[in-house]
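Structure data follow from my_file_5.txt (compact mmCIF, C-alpha atoms):
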# COMPACT_ATOMS: atom_id res chain seq x y z
CA PHE Z 221 -9.20 9.66 -33.97
CA GLU Z 222 -7.10 12.64 -34.86
CA GLY Z 223 -3.42 11.74 -34.55
CA GLN Z 224 -4.33 8.09 -34.18
CA PRO Z 225 -1.58 5.54 -34.86
CA SER Z 226 -2.48 2.71 -37.22
CA GLU Z 227 -2.07 0.14 -34.46
CA ILE Z 228 -3.24 0.33 -30.86
CA SER Z 229 -1.54 -2.03 -28.42
CA HIS Z 230 -3.99 -4.05 -26.33
CA GLN Z 231 -1.33 -4.95 -23.82
CA SER Z 232 -1.41 -2.96 -20.59
CA PHE Z 233 0.67 0.21 -20.97
CA TRP Z 234 2.33 -0.66 -17.66
CA LEU Z 235 3.94 -3.78 -19.14
CA ASP Z 236 5.88 -1.86 -21.78
CA GLY Z 237 9.59 -2.29 -21.33
CA ILE Z 238 9.60 -4.23 -18.05
CA GLY Z 239 9.97 -7.74 -19.46
CA LYS Z 240 8.57 -11.02 -18.22
CA PRO Z 241 8.15 -11.56 -14.48
CA PRO Z 242 11.25 -13.10 -12.90
CA MET Z 243 10.93 -16.71 -11.80
CA PRO Z 244 13.06 -19.81 -11.49
CA SER Z 245 13.19 -21.92 -14.65
CA ASP Z 246 11.51 -25.33 -14.90
CA VAL Z 247 10.07 -25.32 -11.39
CA ALA Z 248 8.45 -28.69 -10.72
CA LEU Z 249 5.26 -28.94 -8.69
CA GLN Z 250 5.87 -29.98 -5.12
CA ASN Z 251 4.04 -30.33 -1.85
CA ALA Z 252 4.08 -27.23 0.33
CA ASP Z 253 3.11 -25.93 3.71
CA VAL Z 254 1.12 -23.15 2.00
CA VAL Z 255 -0.38 -23.10 -1.48
CA ILE Z 256 -1.65 -19.74 -2.73
CA VAL Z 257 -4.02 -19.53 -5.70
CA GLY Z 258 -3.51 -16.21 -7.47
CA SER Z 259 -0.31 -14.25 -8.13
CA GLY Z 260 -1.53 -10.67 -7.75
CA TYR Z 261 -0.96 -8.24 -4.92
CA THR Z 262 -2.93 -10.33 -2.42
CA GLY Z 263 -1.23 -13.62 -3.15
CA LEU Z 264 2.32 -12.29 -3.38
CA ASN Z 265 2.14 -10.27 -0.17
CA ALA Z 266 0.75 -13.33 1.61
CA ALA Z 267 3.59 -15.42 0.16
CA ILE Z 268 6.24 -13.00 1.39
CA GLU Z 269 4.95 -13.37 4.96
CA THR Z 270 4.59 -17.16 4.97
CA ALA Z 271 7.93 -17.78 3.27
CA ARG Z 272 9.71 -15.48 5.70
CA GLY Z 273 7.87 -17.25 8.49
CA GLY Z 274 9.58 -20.51 7.55
CA ARG Z 275 6.71 -22.14 5.63
CA THR Z 276 7.38 -23.68 2.25
CA THR Z 277 5.17 -21.58 -0.04
CA LEU Z 278 3.91 -22.23 -3.56
CA VAL Z 279 2.05 -19.54 -5.54
CA LEU Z 280 0.05 -20.78 -8.54
CA ASP Z 281 -1.67 -18.87 -11.32
CA ALA Z 282 -3.85 -20.07 -14.18
CA ASP Z 283 -2.22 -17.59 -16.54
CA GLU Z 284 1.03 -15.65 -16.65
CA ILE Z 285 2.16 -14.33 -13.29
CA GLY Z 286 0.38 -11.03 -12.65
CA PHE Z 287 -2.04 -11.49 -15.56
CA GLY Z 288 -4.96 -9.90 -13.67
CA CYS Z 289 -5.59 -6.40 -12.37
CA SER Z 290 -2.30 -6.15 -10.52
CA THR Z 291 -0.67 -5.14 -13.82
CA ARG Z 292 -3.79 -3.59 -15.40
CA ASN Z 293 -5.09 -1.05 -12.86
CA GLY Z 294 -4.76 2.73 -12.93
CA GLY Z 295 -2.05 2.90 -10.28
CA GLN Z 296 -4.18 5.06 -7.97
CA ILE Z 297 -4.09 4.52 -4.21
CA SER Z 298 -6.74 5.92 -1.88
CA THR Z 299 -7.92 4.98 1.60
CA SER Z 300 -9.99 2.18 0.04
CA VAL Z 301 -13.07 1.93 2.34
CA LYS Z 302 -16.18 3.06 0.45
CA PRO Z 303 -19.02 3.03 3.05
CA THR Z 304 -19.12 6.18 5.16
CA LEU Z 305 -18.53 6.24 8.90
CA GLU Z 306 -22.23 7.03 9.36
CA LYS Z 307 -23.36 4.03 7.33
CA LEU Z 308 -20.90 1.67 9.00
CA THR Z 309 -21.94 2.94 12.45
CA ALA Z 310 -25.58 2.15 11.66
CA ASN Z 311 -24.61 -1.39 10.66
CA PHE Z 312 -21.87 -2.29 13.15
CA GLY Z 313 -21.79 0.31 15.92
CA PRO Z 314 -19.38 3.23 16.37
CA GLU Z 315 -16.29 1.34 17.57
CA LYS Z 316 -16.34 -1.26 14.80
CA ALA Z 317 -17.16 1.41 12.22
CA ARG Z 318 -14.14 3.50 13.15
CA ALA Z 319 -11.90 0.46 13.11
CA ILE Z 320 -13.06 -0.49 9.60
CA ARG Z 321 -12.55 3.03 8.28
CA GLN Z 322 -9.12 3.18 9.91
CA GLU Z 323 -8.02 0.08 8.03
CA GLY Z 324 -8.21 2.11 4.81
CA ALA Z 325 -5.72 4.62 6.21
CA ASN Z 326 -3.61 1.79 7.64
CA ALA Z 327 -3.39 0.14 4.21
CA LEU Z 328 -2.25 3.36 2.56
CA GLU Z 329 0.47 3.95 5.15
CA TRP Z 330 1.52 0.30 5.05
CA ILE Z 331 2.03 0.06 1.29
CA GLU Z 332 4.37 3.05 1.39
CA ASP Z 333 6.37 1.28 4.09
CA ARG Z 334 6.40 -1.97 2.07
CA VAL Z 335 7.72 -0.21 -1.03
CA ARG Z 336 10.42 1.59 0.94
CA GLN Z 337 11.53 -1.35 3.09
CA GLU Z 338 11.76 -3.74 0.14
CA ASN Z 339 13.41 -1.14 -2.12
CA ILE Z 340 10.80 -1.61 -4.85
CA ALA Z 341 11.36 0.94 -7.62
CA CYS Z 342 7.78 1.60 -8.70
CA ASP Z 343 7.33 5.39 -8.91
CA PHE Z 344 5.39 5.58 -5.64
CA VAL Z 345 4.53 9.20 -4.85
CA ARG Z 346 2.09 10.99 -2.56
CA ALA Z 347 0.65 13.01 -5.40
CA GLY Z 348 -2.76 13.51 -3.81
CA ARG Z 349 -6.14 12.97 -5.48
CA TYR Z 350 -8.58 15.46 -6.93
CA HIS Z 351 -12.16 14.19 -6.66
CA ALA Z 352 -14.22 16.28 -9.07
CA ALA Z 353 -17.92 17.14 -8.76
CA HIS Z 354 -20.00 16.62 -11.91
CA THR Z 355 -22.82 18.90 -10.61
CA PRO Z 356 -23.00 21.87 -8.21
CA GLN Z 357 -25.10 19.74 -5.86
CA HIS Z 358 -22.41 17.08 -5.73
CA TYR Z 359 -19.81 19.75 -4.99
CA GLU Z 360 -21.82 20.89 -1.97
CA ILE Z 361 -22.10 17.28 -0.79
CA ILE Z 362 -18.42 16.39 -1.11
CA ALA Z 363 -17.30 19.74 0.34
CA ARG Z 364 -19.40 19.03 3.46
CA GLU Z 365 -18.06 15.48 3.58
CA ALA Z 366 -14.47 16.76 3.34
CA ALA Z 367 -14.98 18.98 6.39
CA GLN Z 368 -16.59 16.07 8.21
CA LEU Z 369 -13.69 13.74 7.36
CA GLN Z 370 -11.23 16.29 8.75
CA ARG Z 371 -13.28 16.80 11.89
CA GLU Z 372 -14.38 13.24 12.71
CA GLU Z 373 -11.72 10.97 11.19
CA ASN Z 374 -8.65 13.20 10.94
CA ILE Z 375 -8.43 12.49 7.20
CA GLU Z 376 -6.79 15.34 5.30
CA ALA Z 377 -9.20 16.75 2.72
CA HIS Z 378 -10.13 20.22 1.51
CA ALA Z 379 -12.64 21.60 -0.97
CA VAL Z 380 -11.62 23.50 -4.10
CA ALA Z 381 -14.23 25.81 -5.63
CA HIS Z 382 -14.85 25.85 -9.38
CA SER Z 383 -13.16 29.23 -9.65
CA ASP Z 384 -9.91 27.67 -8.36
CA GLN Z 385 -10.25 24.31 -10.09
CA ARG Z 386 -7.59 24.89 -12.73
CA SER Z 387 -4.96 25.05 -10.01
CA GLU Z 388 -5.68 21.33 -9.52
CA LEU Z 389 -7.06 20.07 -12.83
CA GLY Z 390 -6.90 21.62 -16.29
CA SER Z 391 -10.59 21.30 -17.09
CA ASP Z 392 -13.73 23.42 -16.87
CA LYS Z 393 -15.99 20.37 -17.08
CA TYR Z 394 -16.51 20.02 -13.34
CA PHE Z 395 -18.00 22.23 -10.63
CA GLY Z 396 -15.14 22.14 -8.16
CA GLY Z 397 -13.89 19.20 -6.15
CA VAL Z 398 -12.07 17.91 -3.09
CA VAL Z 399 -8.34 17.29 -2.69
CA PHE Z 400 -7.05 14.34 -0.64
CA PRO Z 401 -3.37 15.28 -0.34
CA ARG Z 402 -2.27 11.96 1.23
CA HIS Z 403 -3.51 9.75 -1.61
CA ALA Z 404 -0.84 8.26 -3.82
CA SER Z 405 0.10 6.96 -7.25
CA ILE Z 406 2.27 4.03 -8.29
CA HIS Z 407 3.48 2.17 -11.37
CA PRO Z 408 1.39 -0.96 -10.77
CA ALA Z 409 3.39 -3.41 -12.90
CA LYS Z 410 6.76 -2.31 -11.49
CA TYR Z 411 5.28 -2.73 -8.01
CA HIS Z 412 4.03 -6.19 -8.95
CA ARG Z 413 7.42 -7.19 -10.37
CA GLY Z 414 9.05 -6.01 -7.15
CA LEU Z 415 6.71 -8.20 -5.13
CA VAL Z 416 7.56 -11.22 -7.31
CA GLN Z 417 11.29 -10.62 -6.74
CA THR Z 418 10.72 -10.16 -3.00
CA ALA Z 419 8.65 -13.36 -2.73
CA LEU Z 420 11.28 -15.36 -4.63
CA ALA Z 421 14.07 -13.93 -2.48
CA ALA Z 422 12.09 -15.01 0.61
CA GLY Z 423 12.06 -18.59 -0.72
CA ALA Z 424 8.57 -18.82 -2.22
CA ILE Z 425 8.04 -20.68 -5.50
CA VAL Z 426 5.91 -18.78 -8.03
CA LYS Z 427 4.48 -20.74 -10.96
CA GLY Z 428 2.30 -19.48 -13.79
CA HIS Z 429 0.22 -21.33 -16.38
CA CYS Z 430 -0.78 -23.89 -13.77
CA ARG Z 431 -4.55 -23.75 -13.28
CA VAL Z 432 -5.94 -25.18 -10.05
CA LEU Z 433 -8.85 -27.48 -10.84
CA ASP Z 434 -9.93 -28.65 -7.40
CA ILE Z 435 -9.25 -28.06 -3.71
CA HIS Z 436 -10.40 -30.72 -1.24
CA ARG Z 437 -9.72 -31.38 2.40
CA ASN Z 438 -7.96 -34.52 3.55
CA GLN Z 439 -6.42 -35.87 6.75
CA ASN Z 440 -3.17 -33.99 6.15
CA GLY Z 441 -4.72 -30.66 5.21
CA PHE Z 442 -5.60 -30.22 1.55
CA GLY Z 443 -5.26 -32.06 -1.71
CA ILE Z 444 -4.97 -29.76 -4.70
CA THR Z 445 -5.51 -30.88 -8.27
CA THR Z 446 -3.85 -28.75 -10.94
CA GLU Z 447 -3.64 -29.16 -14.68
CA LYS Z 448 -0.02 -30.19 -14.14
CA GLY Z 449 -0.46 -32.63 -11.28
CA GLN Z 450 -1.40 -33.15 -7.64
CA ILE Z 451 -0.11 -31.21 -4.64
CA SER Z 452 -0.61 -31.53 -0.90
CA ALA Z 453 -0.70 -28.51 1.38
CA LYS Z 454 -1.26 -27.83 5.04
CA SER Z 455 -2.87 -24.43 4.33
CA VAL Z 456 -4.51 -22.87 1.28
CA ILE Z 457 -5.05 -19.20 0.42
CA VAL Z 458 -7.37 -18.16 -2.42
CA ALA Z 459 -6.40 -14.72 -3.77
CA THR Z 460 -8.37 -14.44 -7.01
CA ASN Z 461 -10.58 -11.34 -6.46
CA GLY Z 462 -12.10 -10.31 -9.84
CA TYR Z 463 -11.01 -13.60 -11.40
CA THR Z 464 -12.72 -15.83 -8.82
CA SER Z 465 -14.13 -18.93 -10.52
CA ASN Z 466 -16.13 -22.06 -9.79
CA LEU Z 467 -13.03 -23.44 -8.12
CA THR Z 468 -14.55 -21.76 -5.03
CA PRO Z 469 -18.34 -21.58 -5.61
CA TRP Z 470 -19.11 -20.17 -2.15
CA LEU Z 471 -16.68 -17.32 -2.71
CA ARG Z 472 -17.82 -16.72 -6.28
CA ARG Z 473 -21.36 -16.11 -4.98
CA ARG Z 474 -20.00 -13.24 -2.90
CA VAL Z 475 -18.01 -11.25 -5.45
CA ILE Z 476 -19.37 -9.22 -8.35
CA PRO Z 477 -16.89 -9.14 -11.26
CA ILE Z 478 -16.95 -5.80 -13.08
CA GLY Z 479 -14.92 -4.99 -16.17
CA SER Z 480 -13.06 -1.71 -16.47
CA ASN Z 481 -11.08 -0.30 -19.38
CA ILE Z 482 -8.17 2.12 -19.66
CA ILE Z 483 -6.61 3.99 -22.56
CA ALA Z 484 -3.22 5.69 -22.76
CA THR Z 485 -2.63 8.61 -25.09
CA THR Z 486 0.19 8.91 -27.55
CA PRO Z 487 3.11 11.00 -26.18
CA LEU Z 488 2.09 14.56 -25.28
CA PRO Z 489 4.03 17.81 -24.96
CA GLU Z 490 5.27 18.25 -21.43
CA SER Z 491 3.68 21.70 -21.32
CA LEU Z 492 0.24 20.19 -22.03
CA VAL Z 493 0.55 17.60 -19.26
CA ASP Z 494 1.62 20.37 -16.88
CA LYS Z 495 -1.48 22.33 -17.88
CA LEU Z 496 -3.88 19.41 -17.40
CA PHE Z 497 -2.30 18.03 -14.21
CA PRO Z 498 -0.47 21.01 -12.65
CA LYS Z 499 0.10 19.26 -9.31
CA ASN Z 500 0.37 15.71 -10.65
CA ARG Z 501 -2.80 14.67 -8.82
CA ILE Z 502 -4.56 11.45 -9.62
CA ALA Z 503 -8.21 12.19 -10.41
CA SER Z 504 -11.70 10.75 -10.16
CA ASP Z 505 -15.23 12.15 -10.29
CA THR Z 506 -18.55 11.91 -8.49
CA CYS Z 507 -20.43 10.11 -11.25
CA LYS Z 508 -21.90 6.84 -10.06
CA VAL Z 509 -20.27 5.22 -13.09
CA LEU Z 510 -17.05 7.10 -12.51
CA TYR Z 511 -13.95 7.90 -14.52
CA TYR Z 512 -10.43 7.81 -13.10
CA TYR Z 513 -7.38 9.32 -14.75
CA ARG Z 514 -3.85 10.56 -14.25
CA ALA Z 515 -0.58 11.46 -15.93
CA SER Z 516 1.88 8.64 -16.51
CA PRO Z 517 4.87 8.60 -14.12
CA ASP Z 518 7.10 10.19 -16.79
CA ARG Z 519 4.39 12.84 -17.43
CA ARG Z 520 4.34 12.14 -21.15
CA ARG Z 521 0.86 10.60 -21.44
CA ILE Z 522 -2.59 10.68 -19.91
CA LEU Z 523 -4.14 7.41 -18.73
CA PHE Z 524 -7.93 7.45 -18.64
CA GLY Z 525 -10.16 4.66 -17.35
CA GLY Z 526 -13.70 3.72 -16.51
CA ARG Z 527 -16.71 1.60 -17.34
CA VAL Z 528 -17.91 2.43 -20.85
CA ALA Z 529 -21.15 0.44 -21.25
CA ALA Z 530 -23.83 -1.36 -19.30
CA ARG Z 531 -22.70 -4.71 -20.70
CA GLU Z 532 -19.16 -5.98 -21.19
CA VAL Z 533 -17.86 -4.78 -24.56
CA GLY Z 534 -14.70 -5.50 -26.49
CA LEU Z 535 -11.77 -3.14 -26.74
CA GLN Z 536 -12.77 -2.09 -30.27
CA ARG Z 537 -15.93 -0.50 -28.86
CA ALA Z 538 -14.52 0.57 -25.52
CA THR Z 539 -11.60 2.56 -26.93
CA PRO Z 540 -13.51 5.25 -28.87
CA ARG Z 541 -16.01 5.66 -26.02
CA LEU Z 542 -13.27 6.27 -23.47
CA TYR Z 543 -11.52 8.59 -25.90
CA GLU Z 544 -14.70 10.65 -26.37
CA SER Z 545 -15.21 10.90 -22.62
CA MET Z 546 -11.59 11.89 -22.07
CA CYS Z 547 -11.78 14.63 -24.71
CA ASN Z 548 -15.02 15.87 -23.19
CA ILE Z 549 -13.06 16.60 -20.03
CA PHE Z 550 -9.85 17.67 -21.79
CA PRO Z 551 -10.69 19.07 -25.27
CA GLU Z 552 -6.98 19.68 -25.96
CA LEU Z 553 -6.49 15.92 -26.28
CA LYS Z 554 -8.52 15.77 -29.50
CA ASP Z 555 -5.27 16.58 -31.31
CA PHE Z 556 -3.67 13.36 -30.04
CA GLY Z 557 -4.31 9.66 -30.43
CA VAL Z 558 -4.40 6.52 -28.32
CA SER Z 559 -1.41 4.18 -28.11
CA HIS Z 560 -2.77 1.56 -25.68
CA SER Z 561 -6.20 0.24 -24.77
CA TRP Z 562 -6.73 -2.62 -22.34
CA GLY Z 563 -9.12 -3.93 -19.72
CA GLY Z 564 -9.30 -5.91 -16.51
CA THR Z 565 -11.79 -7.18 -13.97
CA VAL Z 566 -12.27 -5.82 -10.47
CA ALA Z 567 -14.47 -7.38 -7.78
CA TYR Z 568 -17.18 -5.63 -5.81
CA SER Z 569 -19.01 -7.05 -2.82
CA PHE Z 570 -22.69 -6.61 -2.03
CA ASP Z 571 -21.91 -4.41 0.98
CA GLU Z 572 -19.04 -2.47 -0.74
CA LEU Z 573 -16.53 -3.77 1.82
CA ALA Z 574 -13.41 -5.85 1.41
CA HIS Z 575 -13.64 -9.26 3.07
CA ILE Z 576 -11.05 -11.53 4.66
CA GLY Z 577 -11.79 -14.84 6.29
CA ILE Z 578 -11.82 -18.63 6.21
CA HIS Z 579 -14.40 -20.85 4.53
CA ASP Z 580 -14.20 -24.61 4.77
CA GLY Z 581 -10.64 -24.21 6.02
CA VAL Z 582 -9.49 -22.09 3.05
CA HIS Z 583 -8.20 -18.57 3.74
CA TYR Z 584 -9.26 -15.77 1.37
CA ALA Z 585 -9.37 -12.00 0.86
CA VAL Z 586 -11.50 -10.46 -1.90
CA GLY Z 587 -13.85 -7.61 -2.81
CA TYR Z 588 -11.68 -4.50 -2.98
CA CYS Z 589 -14.38 -2.60 -4.89
CA GLY Z 590 -12.07 -0.94 -7.40
CA SER Z 591 -9.72 0.52 -4.77
CA GLY Z 592 -7.50 -2.46 -4.21
CA VAL Z 593 -3.87 -1.50 -4.78
CA SER Z 594 -3.20 -0.85 -1.11
CA MET Z 595 -6.02 -2.91 0.41
CA ALA Z 596 -5.26 -6.06 -1.60
CA SER Z 597 -1.61 -5.74 -0.59
CA PHE Z 598 -2.43 -5.03 3.04
CA LEU Z 599 -4.96 -7.85 3.45
CA GLY Z 600 -2.64 -10.23 1.59
CA MET Z 601 0.02 -9.48 4.18
CA ARG Z 602 -2.54 -10.05 6.96
CA LEU Z 603 -3.55 -13.38 5.36
CA GLY Z 604 0.05 -14.52 5.55
CA GLN Z 605 0.20 -13.55 9.21
CA LYS Z 606 -3.05 -15.42 9.91
CA VAL Z 607 -1.68 -18.59 8.33
CA LEU Z 608 1.38 -18.23 10.58
CA GLY Z 609 -0.93 -17.91 13.58
CA LEU Z 610 0.27 -14.41 14.47
CA LYS Z 611 -1.96 -12.12 16.48
CA GLU Z 612 -0.91 -9.23 14.22
CA GLY Z 613 -3.01 -10.82 11.48
CA ARG Z 614 -6.19 -9.58 13.12
CA THR Z 615 -8.12 -6.98 11.06
CA ALA Z 616 -11.28 -4.94 11.50
CA PHE Z 617 -12.79 -6.90 8.58
CA ASP Z 618 -12.61 -10.19 10.48
CA ASP Z 619 -15.94 -11.77 11.36
CA LEU Z 620 -18.01 -9.40 9.22
CA PRO Z 621 -21.00 -11.05 7.55
CA HIS Z 622 -20.13 -11.78 3.91
CA PRO Z 623 -23.41 -11.30 2.07
CA THR Z 624 -24.67 -12.69 -1.19
CA GLN Z 625 -28.10 -12.57 -2.88
CA PRO Z 626 -30.64 -15.31 -3.60
CA PHE Z 627 -29.99 -17.14 -6.87
CA TYR Z 628 -26.69 -15.32 -7.43
CA THR Z 629 -23.97 -17.70 -8.64
CA GLY Z 630 -21.26 -15.27 -9.73
CA ARG Z 631 -22.73 -14.07 -13.03
CA PRO Z 632 -24.04 -10.52 -12.37
CA TRP Z 633 -27.19 -10.62 -14.50
CA PHE Z 634 -28.45 -7.50 -12.70
CA LEU Z 635 -25.43 -5.36 -13.62
CA PRO Z 636 -26.44 -4.11 -17.10
CA ALA Z 637 -29.75 -2.69 -15.88
CA MET Z 638 -28.14 -1.14 -12.82
CA ILE Z 639 -25.30 0.48 -14.78
CA SER Z 640 -27.72 1.72 -17.47
CA TRP Z 641 -29.76 3.46 -14.79
CA TYR Z 642 -26.73 4.98 -13.11
CA ARG Z 643 -25.28 6.11 -16.43
CA TRP Z 644 -28.56 7.74 -17.47
CA ARG Z 645 -28.73 9.53 -14.10
CA ASP Z 646 -25.13 10.73 -14.33
CA ARG Z 647 -25.71 12.14 -17.82
CA HIS Z 648 -29.04 13.72 -16.87
CA GLN Z 649 -27.51 15.40 -13.82
CA ALA Z 650 -24.54 16.66 -15.86
CA LYS Z 651 -26.83 17.95 -18.61
CA MET Z 652 -29.00 19.84 -16.12
CA ALA Z 653 -25.91 21.26 -14.41
CA ALA Z 654 -24.46 22.44 -17.73
CA ALA Z 655 -27.77 24.03 -18.71
CA GLY Z 656 -27.78 25.99 -15.46
CA ARG Z 657 -24.30 27.44 -15.94
As structure tokens, how would this structure be written, given the file I've shared?
Amino acid sequence: FEGQPSEISHQSFWLDGIGKPPMPSDVALQNADVVIVGSGYTGLNAAIETARGGRTTLVLDADEIGFGCSTRNGGQISTSVKPTLEKLTANFGPEKARAIRQEGANALEWIEDRVRQENIACDFVRAGRYHAAHTPQHYEIIAREAAQLQREENIEAHAVAHSDQRSELGSDKYFGGVVFPRHASIHPAKYHRGLVQTALAAGAIVKGHCRVLDIHRNQNGFGITTEKGQISAKSVIVATNGYTSNLTPWLRRRVIPIGSNIIATTPLPESLVDKLFPKNRIASDTCKVLYYYRASPDRRRILFGGRVAAREVGLQRATPRLYESMCNIFPELKDFGVSHSWGGTVAYSFDELAHIGIHDGVHYAVGYCGSGVSMASFLGMRLGQKVLGLKEGRTAFDDLPHPTQPFYTGRPWFLPAMISWYRWRDRHQAKMAAAGR
């Protein structure tokens, strides 16, 4: 690319300059009241609750602490629940539907409180989100939906016509959009590091590079086999989301792992960032295979993410494709290069809902469908409360059916064909819209 440095870092941009996660040195394995598998937002927020509730708590991760999407995501926080009120009402009735939708708003409010109460310095800001329409027809749809959200769910949202778009986003690519002023942004790795420190201060033990090989029930609760020895636990929480493995086959059949990639530009002039993101909004679009992007917290770079191909591809192929898509939206960025390119794995569910529950005695929360910064944190906290037996742990996601599909074992063989179709449709719609301009 023009202005491209000779080397692109494949470490998450968010990990630059923040060092290794804090943890006690040479922690030996030990029996615990609660063992948590997974050290991301879900697991750490659960650990904070159980440790503060007086339960000895051990968090284990197969890799380095925070290896997964908790330090790899785009740092965008929305209200998290994808199915509409209408669709949820058809499936669960009006009362349950409203409760499920409300949990998205609850999660967003809660994470702000968590950050403030624990004094986590992570650049949390209510920047708002601009959701851009890639065709005139999609603008009409999301503008109507914005009015409906205001009217029926009291969710702040307002439409922005194409003629006023540059007041929100420095691009002429889209046909207007909708602003959600309450949505937020965060530095995901700083937030994660703050959660590690908070969990340790509460008395939890956090141990990386300790893969769990087996979980089995016994007369005292659970026996857990790890690559570094045996542990006994009274309660177990699985918090693996997009990295769910055959350790929990039942759960793996119910999550769809989907890879996503992000690039960060080389440093940009402040005036250019101000032009492209005049109100510091986070951004997304209405494509079925969507892009998400934002300015970095210091407003020196643009971070741009999305799914680049039907099949999983390496970073060498993903980087130029993301760069081309970014420059298609922001032509001014053709004069600048890419400093970082990395990827991670999110987890979708077959009904596009997050799920929290117990299977064979093991607690879990998974399936945040690409919007998990607040929901993973929120449901992790609720998991901790459930293990403690607190009535506050109740959520609107409890007792929902957790669907899978026949013959599905956790390898989404259907995904390439589905994404190819969606990508072709997105491009065809955009091409027709551009031709009609």
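Distance check against Ala319 in chain Z using all atoms listed in the file: of Z:His403, Z:Arg614, Z:Arg474, Z:Arg514, the minimum falls on Z:Arg614.
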**Message:** I'd like the contact shell of Phe598 in chain Z - 10 Å cut-off, all atoms listed in the file, skipping same-chain residues fewer than 6 positions apart - returned as a PyMOL selection string.
**Reply:** chain Z and resi 261-262+265-266+323-324+326-331+334+592
**Asked** Near Ala654 in chain Z, within 12 Å and counting all atoms listed in the file, which residues show up once chain neighbours fewer than 4 positions away are dropped, as a list of chain:residue names?
**Response** Z:His354, Z:Thr355, Z:Pro356, Z:Asp392, Z:Lys393, Z:Tyr394, Z:Phe395, Z:Arg647, Z:His648, Z:Gln649, Z:Ala650
**Request:** Write out as an NGL selection string the residues lying within 12 Å of Arg349 in chain Z, counting all atoms listed in the file and excluding same-chain residues fewer than 5 positions away.
**Result:** :Z and (295-299 or 376-380 or 388-389 or 397-405 or 497 or 499-505 or 512-515)
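Comparing Z:Ala381, Z:Ala310, Z:Ala341, Z:Ala424 by their smallest distance to Ala252 in chain Z, the closest is Z:Ala424 (using only C-alpha atoms).
Residues having any atom no farther than 12 Å from (-14.0, -30.5, -2.0) (counting only C-alpha atoms) are Leu433, Asp434, Ile435, His436, Arg437, Asn438, Gly441, Phe442, Gly443, Ile444, Thr445, Asn466, Leu467, Thr468, Pro469, Trp470, His579, Asp580, Gly581 and Val582 of chain Z.
Take CA of Val458 in chain Z and CA of His583 in chain Z: the distance between them is 6.2 Å.
Taking CA of Leu599 in chain Z as the reference point, CA of Ala347 in chain Z is found at 23.3 Å.
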**Complete:** Judged by only C-alpha atoms, the minimum distance to Thr506 in chain Z among Z:Leu278, Z:Ile361, Z:Leu573, Z:Ala366 is found for Z:Ile361
